[in-house]
>>> print(open('model-v4.txt').read())   # compact mmCIF, C-alpha atoms
# COMPACT_ATOMS: atom_id res chain seq x y z
CA MET A 173 4.27 71.94 -299.95
CA GLY A 174 2.36 69.94 -297.39
CA SER A 175 1.53 70.85 -293.84
CA PRO A 176 4.33 71.05 -291.23
CA VAL A 177 3.37 67.59 -289.92
CA ASP A 178 3.60 66.09 -293.43
CA GLU A 179 7.15 67.40 -293.82
CA LEU A 180 8.49 65.37 -290.88
CA CYS A 181 10.31 62.10 -291.47
CA LEU A 182 8.48 59.14 -289.90
CA VAL A 183 11.77 57.70 -288.57
CA CYS A 184 13.97 60.63 -287.43
CA HIS A 185 11.19 63.26 -287.08
CA GLU A 186 13.35 65.77 -288.98
CA ARG A 187 12.13 67.94 -291.86
CA ASP A 188 12.96 67.50 -295.54
CA ASP A 189 16.13 69.54 -296.11
CA GLY A 190 16.48 68.56 -299.78
CA LYS A 191 19.87 66.89 -299.26
CA VAL A 192 18.66 63.28 -299.58
CA LYS A 193 15.87 61.59 -301.52
CA TRP A 194 12.45 61.93 -299.94
CA LEU A 195 9.81 59.19 -300.12
CA LYS A 196 6.18 60.25 -299.93
CA CYS A 197 3.25 57.86 -299.68
CA LEU A 198 0.80 58.27 -302.55
CA LYS A 199 -2.16 57.53 -300.28
CA CYS A 200 -1.56 59.24 -296.90
CA LYS A 201 1.04 61.77 -298.16
CA LEU A 202 3.40 61.01 -295.26
CA GLY A 203 6.96 59.89 -295.81
CA GLY A 204 10.60 60.28 -294.87
CA HIS A 205 14.23 60.28 -295.95
CA SER A 206 15.20 57.37 -298.19
CA THR A 207 18.25 56.81 -295.97
CA CYS A 208 16.05 56.56 -292.87
CA MET A 209 13.77 54.11 -294.70
CA ARG A 210 16.85 52.09 -295.72
CA MET A 211 15.95 52.45 -299.39
CA THR A 212 19.15 54.11 -300.59
CA GLY A 213 19.34 52.15 -303.86
CA LEU A 214 16.66 54.21 -305.62
CA LYS A 215 17.90 55.65 -308.92
CA SER A 216 15.09 58.12 -309.59
CA ASN A 217 14.73 61.55 -308.05
CA ALA A 218 12.61 62.14 -304.99
CA SER A 219 9.79 63.71 -306.99
CA GLU A 220 9.63 60.70 -309.33
CA VAL A 221 9.48 57.93 -306.73
CA ASN A 222 6.03 56.37 -306.38
CA TRP A 223 5.76 54.66 -303.01
CA VAL A 224 3.04 53.43 -300.68
CA CYS A 225 3.72 52.99 -296.94
CA ASP A 226 2.90 49.69 -295.24
CA PRO A 227 -0.38 50.67 -293.50
CA CYS A 228 -1.75 52.07 -296.78
CA ALA A 229 -0.52 49.00 -298.68
CA LEU A 230 -2.39 46.77 -296.23
CA VAL A 231 -5.53 48.87 -296.72
CA ILE A 232 -5.23 48.55 -300.50
CA LYS A 233 -4.73 44.80 -300.18
CA SER A 234 -7.79 44.39 -298.00
CA GLU A 235 -9.95 46.54 -300.26
CA VAL A 236 -8.91 45.21 -303.66
CA HIS A 237 -7.40 41.78 -302.84
CA LEU A 238 -5.12 42.18 -305.83
CA ARG A 239 -1.37 42.25 -305.40
CA GLU A 240 -0.97 43.48 -309.00
CA GLU A 241 -2.65 46.80 -308.21
CA ILE A 242 -0.03 47.62 -305.58
CA ASN A 243 2.79 46.74 -307.96
CA VAL A 244 1.32 48.94 -310.71
CA MET A 245 0.62 51.82 -308.33
CA THR A 246 4.15 51.83 -306.92
CA ASP A 247 5.96 50.95 -310.15
CA GLY A 248 7.76 48.07 -308.45
CA VAL A 249 9.23 50.21 -305.66
CA THR A 250 7.01 48.52 -303.09
CA LEU A 251 8.78 45.22 -303.76
CA ALA A 252 11.82 46.56 -301.90
CA VAL A 253 9.56 47.46 -299.00
CA GLU A 254 7.86 44.06 -298.99
CA GLU A 255 11.20 42.22 -299.01
CA ALA A 256 12.45 44.34 -296.14
CA VAL A 257 9.23 43.93 -294.16
CA SER A 258 9.11 40.17 -294.68
CA ALA A 259 11.67 39.62 -291.91
CA GLN A 260 9.57 41.72 -289.54
CA SER A 261 6.11 40.87 -290.88
CA GLY A 262 5.04 39.12 -287.70
CA GLN A 263 6.06 42.14 -285.64
CA VAL A 264 4.23 44.53 -287.98
CA GLU A 265 0.99 42.53 -287.84
CA LYS A 266 1.22 42.00 -284.09
CA ASP A 267 2.06 45.54 -282.99
CA GLY A 268 0.42 47.45 -285.85
CA MET A 269 3.65 49.31 -286.62
CA ASN A 270 4.58 50.76 -289.97
CA TRP A 271 7.92 50.18 -291.66
CA ALA A 272 9.40 53.42 -290.28
CA GLU A 273 8.68 52.33 -286.70
CA VAL A 274 10.20 48.88 -287.35
CA VAL A 275 13.39 50.48 -288.69
CA SER A 276 13.51 52.88 -285.74
CA ARG A 277 13.06 50.07 -283.21
CA CYS A 278 15.68 47.86 -284.87
CA ARG A 279 18.15 50.75 -284.94
CA LYS A 280 17.60 51.44 -281.25
CA ARG A 281 18.15 47.78 -280.43
CA LYS A 282 21.27 47.63 -282.56
CA ARG A 283 22.63 50.84 -281.05
CA THR A 284 22.04 49.54 -277.52
CA GLN A 285 23.88 46.30 -278.24
CA LYS A 286 26.73 48.13 -279.95
CA ASN A 287 27.26 50.61 -277.13
CA LYS A 288 27.26 48.02 -274.35
CA ASN A 289 31.05 47.51 -274.28
CA LEU A 290 32.35 50.99 -275.07
CA LEU A 291 35.58 52.37 -273.67
CA ILE A 292 36.31 56.11 -273.72
CA ILE A 293 40.05 56.86 -273.80
CA LYS A 294 41.73 60.23 -273.27
CA ALA A 295 45.32 61.33 -272.64
CA LYS A 296 46.47 62.99 -269.43
CA GLY A 297 48.74 65.42 -271.26
CA SER A 298 48.48 67.17 -274.63
CA LYS A 299 48.57 64.48 -277.29
CA LYS A 300 47.02 64.30 -280.74
CA ALA A 301 44.14 61.90 -281.13
CA VAL A 302 45.83 60.18 -284.09
CA ASP A 303 48.98 59.47 -282.06
CA MET A 304 46.87 58.31 -279.14
CA LYS A 305 44.96 55.92 -281.41
CA LYS A 306 48.20 54.35 -282.65
CA GLU A 307 49.38 53.87 -279.07
CA VAL A 308 46.07 52.30 -278.07
CA GLU A 309 46.11 49.91 -281.02
CA GLU A 310 49.67 48.81 -280.14
CA LEU A 311 48.81 48.28 -276.48
CA LEU A 312 45.62 46.37 -277.32
CA SER A 313 47.03 44.38 -280.23
CA ASP A 314 45.91 41.12 -278.57
CA VAL A 315 42.35 42.42 -278.05
CA GLN A 316 39.87 42.58 -280.92
CA ILE A 317 38.56 46.13 -281.33
CA MET A 318 35.20 46.03 -283.12
CA ASP A 319 35.32 49.68 -284.19
CA SER A 320 36.68 53.04 -283.03
CA LYS A 321 35.97 56.73 -283.58
CA PHE A 322 37.18 60.18 -282.52
CA THR A 323 35.06 62.52 -280.42
CA ASN A 324 34.78 66.30 -280.67
CA LYS A 325 36.90 66.65 -277.53
CA GLY A 326 39.84 64.74 -279.02
CA ASN A 327 39.14 61.48 -277.21
CA ILE A 328 38.81 58.00 -278.68
CA VAL A 329 35.83 55.68 -278.26
CA ILE A 330 36.45 51.98 -278.93
CA ASN A 331 33.93 49.16 -278.98
CA LEU A 332 35.05 45.76 -277.70
CA GLU A 333 33.60 42.30 -278.19
CA SER A 334 32.58 41.57 -274.62
CA GLU A 335 32.44 43.10 -271.17
CA GLU A 336 35.34 40.91 -269.99
CA LYS A 337 37.59 42.17 -272.80
CA ARG A 338 36.55 45.73 -272.08
CA ASN A 339 37.54 45.39 -268.41
CA ALA A 340 40.83 43.74 -269.37
CA ALA A 341 41.61 46.52 -271.84
CA GLN A 342 40.73 49.17 -269.25
CA ASN A 343 43.11 47.63 -266.69
CA LYS A 344 45.87 47.37 -269.28
CA LEU A 345 45.54 51.02 -270.28
CA HIS A 346 45.57 52.11 -266.64
CA GLU A 347 48.93 50.39 -266.19
CA VAL A 348 50.47 52.64 -268.86
CA GLY A 349 49.85 55.74 -266.77
CA ASN A 350 49.46 58.37 -269.48
CA LEU A 351 46.04 57.21 -270.67
CA ILE A 352 42.68 57.37 -268.87
CA ALA A 353 40.03 54.82 -269.84
CA SER A 354 36.43 54.91 -268.62
CA ASN A 355 33.25 53.02 -269.42
CA GLY A 356 31.25 56.14 -270.17
CA LYS A 357 29.56 58.10 -267.40
CA ARG A 358 25.87 57.73 -266.77
CA TRP A 359 23.82 60.75 -265.71
CA ASP A 360 23.64 61.91 -262.12
CA PRO A 361 20.15 61.51 -260.66
CA LYS A 362 17.65 64.33 -260.19
CA ILE A 363 15.14 64.28 -257.36
CA MET A 364 12.09 66.35 -256.50
CA VAL A 365 11.57 67.38 -252.88
CA CYS A 366 7.85 68.02 -252.56
CA ASN A 367 5.83 70.67 -250.76
CA VAL A 368 8.61 72.65 -249.12
CA ALA A 369 7.36 75.73 -247.25
CA ARG A 370 8.05 79.06 -248.96
CA ASN A 371 9.49 80.50 -245.75
CA GLU A 372 12.24 77.84 -245.96
CA ASP A 373 15.47 79.69 -246.72
CA LYS A 374 16.52 78.68 -250.23
CA GLU A 375 20.12 79.78 -249.73
CA SER A 376 20.64 77.42 -246.79
CA LEU A 377 18.37 74.61 -248.06
CA ILE A 378 21.24 72.35 -249.16
CA GLU A 379 23.08 72.78 -245.86
CA GLU A 380 19.89 72.06 -243.94
CA ILE A 381 19.30 68.86 -245.95
CA ILE A 382 22.82 67.69 -245.15
CA VAL A 383 22.67 68.45 -241.42
CA ARG A 384 19.15 67.25 -240.65
CA ASN A 385 19.55 63.99 -242.60
CA ASN A 386 23.06 63.02 -241.40
CA LEU A 387 24.73 63.28 -244.81
CA GLU A 388 27.97 64.84 -243.47
CA SER A 389 29.75 61.48 -243.65
CA ILE A 390 29.76 61.66 -247.48
CA ASP A 391 33.02 63.25 -248.70
CA GLY A 392 32.47 66.66 -250.29
CA VAL A 393 28.71 66.34 -249.97
CA ILE A 394 28.19 70.11 -250.11
CA ASN A 395 29.37 70.02 -253.75
CA LYS A 396 27.32 66.93 -254.61
CA ILE A 397 23.88 68.53 -254.23
CA LYS A 398 22.60 71.57 -256.08
CA ILE A 399 19.22 73.15 -256.81
CA VAL A 400 18.23 72.84 -260.48
CA SER A 401 14.78 74.45 -260.46
CA GLU A 402 11.70 75.11 -258.36
CA ARG A 403 8.01 74.81 -259.12
CA PRO A 404 5.02 76.31 -257.30
CA ALA A 405 2.82 73.72 -255.60
CA ALA A 406 -0.49 73.57 -253.74
CA GLY A 407 -1.00 75.46 -250.50
CA GLY A 408 1.68 78.02 -251.23
CA THR A 409 4.48 75.42 -251.10
CA VAL A 410 7.32 74.75 -253.55
CA HIS A 411 8.63 71.60 -255.25
CA TYR A 412 12.45 71.76 -255.50
CA VAL A 413 14.29 69.78 -258.18
CA LEU A 414 17.79 68.86 -257.01
CA LYS A 415 20.69 67.24 -258.84
CA CYS A 416 22.77 65.01 -256.60
CA ASP A 417 25.52 62.42 -256.57
CA PRO A 418 24.53 58.72 -256.87
CA GLU A 419 25.91 58.12 -253.37
CA VAL A 420 23.63 60.85 -251.99
CA ARG A 421 20.64 59.42 -253.86
CA ALA A 422 21.35 55.95 -252.48
CA ARG A 423 21.48 57.34 -248.94
CA ILE A 424 18.13 59.13 -249.39
CA HIS A 425 16.64 55.95 -250.84
CA GLY A 426 17.73 54.17 -247.66
CA MET A 427 15.66 56.68 -245.69
CA ASN A 428 12.46 55.57 -247.49
CA ASP A 429 12.79 58.48 -249.94
CA LYS A 430 12.05 61.09 -247.30
CA LEU A 431 14.02 64.17 -246.23
CA LYS A 432 13.77 66.03 -242.93
CA LEU A 433 13.63 69.81 -243.05
CA LYS A 434 12.89 72.53 -240.55
CA TRP A 435 9.12 72.39 -241.03
CA GLY A 436 8.60 68.65 -241.36
CA VAL A 437 9.34 65.53 -243.41
CA HIS A 438 9.06 65.74 -247.20
CA GLN A 439 8.56 63.03 -249.80
CA VAL A 440 11.24 62.61 -252.49
CA TYR A 441 10.65 61.37 -256.04
CA ASP A 442 13.02 60.71 -258.94
CA HIS A 443 12.73 63.42 -261.58
CA TYR A 444 13.07 62.30 -265.22
CA PHE A 445 11.50 65.19 -267.16
CA PRO A 446 13.20 65.19 -270.60
CA LEU A 447 14.70 68.25 -272.28
CA LEU A 448 12.14 69.60 -274.76
CA CYS A 449 12.48 72.41 -277.29
CA TYR A 450 9.34 74.55 -277.09
CA HIS A 451 9.98 75.88 -280.61
CA CYS A 452 10.23 72.74 -282.80
CA LEU A 453 8.91 70.33 -280.08
CA ILE A 454 11.79 67.89 -280.54
CA PHE A 455 13.44 66.33 -277.49
CA GLY A 456 17.12 66.73 -276.69
CA HIS A 457 17.76 70.49 -276.90
CA LYS A 458 16.43 73.84 -275.73
CA SER A 459 14.83 76.52 -277.87
CA ASP A 460 17.92 78.72 -277.38
CA SER A 461 19.95 76.31 -279.54
CA CYS A 462 17.15 75.25 -281.91
CA GLN A 463 18.30 75.14 -285.55
CA CYS A 464 14.71 75.48 -286.77
CA LYS A 465 14.48 78.76 -284.87
CA VAL A 466 17.77 79.97 -286.38
CA LYS A 467 16.51 79.13 -289.88
CA GLY A 468 13.34 81.12 -289.27
CA HIS A 469 10.84 78.24 -289.10
CA ALA A 470 7.59 79.05 -287.33
CA PRO A 471 7.14 77.61 -283.80
CA HIS A 472 4.70 74.81 -283.03
CA CYS A 473 2.31 74.81 -280.11
CA TYR A 474 2.86 72.08 -277.51
CA LYS A 475 -0.87 72.12 -276.73
CA CYS A 476 -2.71 72.08 -280.08
CA ALA A 477 0.19 71.57 -282.59
CA GLY A 478 -0.65 74.88 -284.32
CA GLN A 479 1.92 77.27 -285.77
CA HIS A 480 2.17 79.61 -282.78
CA GLU A 481 3.85 79.67 -279.37
CA GLY A 482 2.30 77.40 -276.78
CA ARG A 483 2.18 80.04 -274.07
CA SER A 484 -0.11 82.18 -276.24
CA CYS A 485 -2.43 79.30 -277.21
CA GLN A 486 -6.15 80.00 -276.69
CA SER A 487 -7.42 76.71 -278.11
CA ASP A 488 -9.19 74.06 -276.04
CA VAL A 489 -8.09 71.35 -278.49
CA ARG A 490 -5.26 69.07 -277.40
CA LYS A 491 -3.10 67.61 -280.16
CA CYS A 492 0.42 66.20 -279.92
CA PHE A 493 2.62 67.41 -282.76
CA ASN A 494 5.08 64.48 -282.45
CA CYS A 495 2.39 61.77 -282.39
CA ALA A 496 0.56 63.34 -285.33
CA ALA A 497 3.80 63.25 -287.33
CA SER A 498 4.15 59.53 -286.51
CA LYS A 499 0.51 58.71 -287.37
CA ARG A 500 -0.33 57.86 -283.76
CA GLN A 501 -3.33 58.80 -281.67
CA SER A 502 -2.58 62.44 -280.85
CA GLU A 503 -5.40 63.84 -278.69
CA HIS A 504 -3.03 64.97 -275.93
CA SER A 505 -0.29 67.54 -275.37
CA VAL A 506 3.38 66.94 -276.18
CA SER A 507 4.39 66.41 -272.54
CA SER A 508 1.36 64.32 -271.54
CA LEU A 509 1.95 61.05 -269.70
CA SER A 510 -0.31 59.40 -272.27
CA CYS A 511 2.10 60.35 -275.08
CA PRO A 512 4.18 57.30 -276.12
CA ILE A 513 7.02 59.47 -277.46
CA PHE A 514 7.24 61.45 -274.22
CA THR A 515 7.15 58.30 -272.06
CA SER A 516 9.86 56.68 -274.19
CA GLU A 517 12.09 59.71 -273.55
CA VAL A 518 11.35 59.45 -269.82
CA ASN A 519 12.30 55.76 -269.86
CA ARG A 520 15.50 56.53 -271.76
CA ILE A 521 16.53 59.02 -269.06
CA ARG A 522 15.59 56.59 -266.31
CA LEU A 523 17.66 53.75 -267.82
CA ASN A 524 20.69 56.01 -268.34
CA THR A 525 20.64 57.46 -264.81
CA ASN A 526 23.02 56.14 -262.17
CA HIS A 527 20.84 56.01 -259.07
CA GLY A 528 23.52 54.49 -256.86
CA PHE A 529 21.34 51.59 -255.70
>>> encode(input="model-v4.txt", output="structure tokens")
Amino acid sequence: MGSPVDELCLVCHERDDGKVKWLKCLKCKLGGHSTCMRMTGLKSNASEVNWVCDPCALVIKSEVHLREEINVMTDGVTLAVEEAVSAQSGQVEKDGMNWAEVVSRCRKRKRTQKNKNLLIIKAKGSKKAVDMKKEVEELLSDVQIMDSKFTNKGNIVINLESEEKRNAAQNKLHEVGNLIASNGKRWDPKIMVCNVARNEDKESLIEEIIVRNNLESIDGVINKIKIVSERPAAGGTVHYVLKCDPEVRARIHGMNDKLKLKWGVHQVYDHYFPLLCYHCLIFGHKSDSCQCKVKGHAPHCYKCAGQHEGRSCQSDVRKCFNCAASKRQSEHSVSSLSCPIFTSEVNRIRLNTNHGF
């Protein structure tokens, strides 16, 4: 077995679970799932596949200048890679990406385009999803539905050809009365109120924000702001992270992103810190629900990428576990602003947040 970094797929960053074929570069020993690499037509077993990743293939080409050596070394498997890369060769040479990163980027672009005209449909009463799907298909028989699927909550998600057809379908379903159609809710914004005095009463902080900043005109505003977390700051002050309604965020933005409190005026910033598991160091879930932790896998340090908990790390070395798995420059921590994977997660949150302005 290789090191924990070697066992991560270059595309999905998941470990080899033995369920699908695994490709491993003969030169750098990194690899990934054959399905992630879009090389599902391989007939041999994972242990028998000889494969060289694109960066290593380019190195071999530059050193030997013989295309035959690559073909012999990979037993013809590299031809599938070369044919697939040919469409993106300019992008690979320009950006210095490997094939896994090209596939990942193309999938993200395709997923973004596919999800642009989604419509989420649910029934007001108790109705089976299959019956609801039949009713939707009958009502929208004159509208071309690109694809549809069921959700875990018993709703239906349909993808339409254009935004105009999505809006028309939404209006038509609203006329029926027993179906609710929505475009898919974006996330409510989070803001950070900086350097609040510790003697500020936390229990009445929300009420004080509303009163001192004239937010009473917003309907139900007391239920549209809540404290998510607090962080100690310089000078004995506290940074408060609040989750608010888009309308509230727009109103604060109109006040030059400043809030009045009892002890002064405080700067407000948008807060986009992504959810990070401090056990497996993968974004999108907490360590309480980490499957790697349930299966007994050792934790990884978010400071030095070692196999121990980050809070007990004594090393002065900084190494990003996620960047090392993707063959990127990794002399930084997992949540560093210089980490491209961390900043991409921040941008994803920012783009999917409804700021209200």
>>> residues_around(input="model-v4.txt", residues="Met427 (chain A)", least_positions_apart="2", cutoff="12 Å", atoms="only C-alpha atoms", output="VMD selection string")
chain A and resid 385 to 387 420 to 425 429 to 432 437 to 440
>>> closest_residue(input="model-v4.txt", among="A:Ile381, A:Leu180, A:Ala405, A:Cys208", to="Asn367 (chain A)", atoms="only C-alpha atoms")
A:Ala405
>>> atom_distance(input="model-v4.txt", atom1="CA of Glu419 (chain A)", atom2="CA of Lys374 (chain A)")
22.8 Å
>>> residues_around(input="model-v4.txt", residues="region 481-488 of chain A", least_positions_apart="2", cutoff="6 Å", atoms="all atoms listed in the file", output="ChimeraX atom specification")
/A:471,473-474
>>> atom_distance(input="model-v4.txt", atom1="CA of Ile363 (chain A)", atom2="CA of Lys415 (chain A)")
6.5 Å
>>> atom_distance(input="model-v4.txt", atom1="CA of Asn331 (chain A)", atom2="CA of Ile352 (chain A)")
15.7 Å
>>> residues_around(input="model-v4.txt", residues="Ile317 (chain A)", least_positions_apart="2", cutoff="8 Å", atoms="only C-alpha atoms", output="PyMOL selection string")
chain A and resi 315+319-320+330-333
>>> write_last_selection(input="model-v4.txt", atoms="C-alpha atoms", output="PDB file, keeping the file's coordinate frame")
ATOM      1  CA  VAL A 315      42.350  42.420-278.050  1.00  0.00           C
ATOM      2  CA  ASP A 319      35.320  49.680-284.190  1.00  0.00           C
ATOM      3  CA  SER A 320      36.680  53.040-283.030  1.00  0.00           C
ATOM      4  CA  ILE A 330      36.450  51.980-278.930  1.00  0.00           C
ATOM      5  CA  ASN A 331      33.930  49.160-278.980  1.00  0.00           C
ATOM      6  CA  LEU A 332      35.050  45.760-277.700  1.00  0.00           C
ATOM      7  CA  GLU A 333      33.600  42.300-278.190  1.00  0.00           C
TER       8      GLU A 333
END
>>> residues_around(input="model-v4.txt", residues="Ser461 (chain A)", least_positions_apart="5", cutoff="12 Å", atoms="only C-alpha atoms", output="PyMOL selection string")
chain A and resi 448-452+454+456+466-467
>>> closest_residue(input="model-v4.txt", among="A:Ser298, A:Asn289, A:Thr515, A:Asn371", to="Ala340 (chain A)", atoms="all atoms listed in the file")
A:Asn289
>>> closest_residue(input="model-v4.txt", among="A:Ile399, A:Asp360, A:Leu433, A:Arg370", to="Arg522 (chain A)", atoms="all atoms listed in the file")
A:Asp360
>>> axis_aligned_box(input="model-v4.txt", around="region 422-430 of chain A", padding_each_side="3 Å", output="AutoDock Vina command-line options")
--center_x 16.8 --center_y 57.6 --center_z -249.1 --size_x 15.4 --size_y 12.9 --size_z 12.8
>>> closest_residue(input="model-v4.txt", among="A:Ile293, A:Leu377, A:Gly528, A:Thr409", to="His346 (chain A)", atoms="all atoms listed in the file")
A:Ile293
>>> closest_residue(input="model-v4.txt", among="A:Lys337, A:Lys344, A:His205, A:Lys294", to="Thr323 (chain A)", atoms="only C-alpha atoms")
A:Lys294
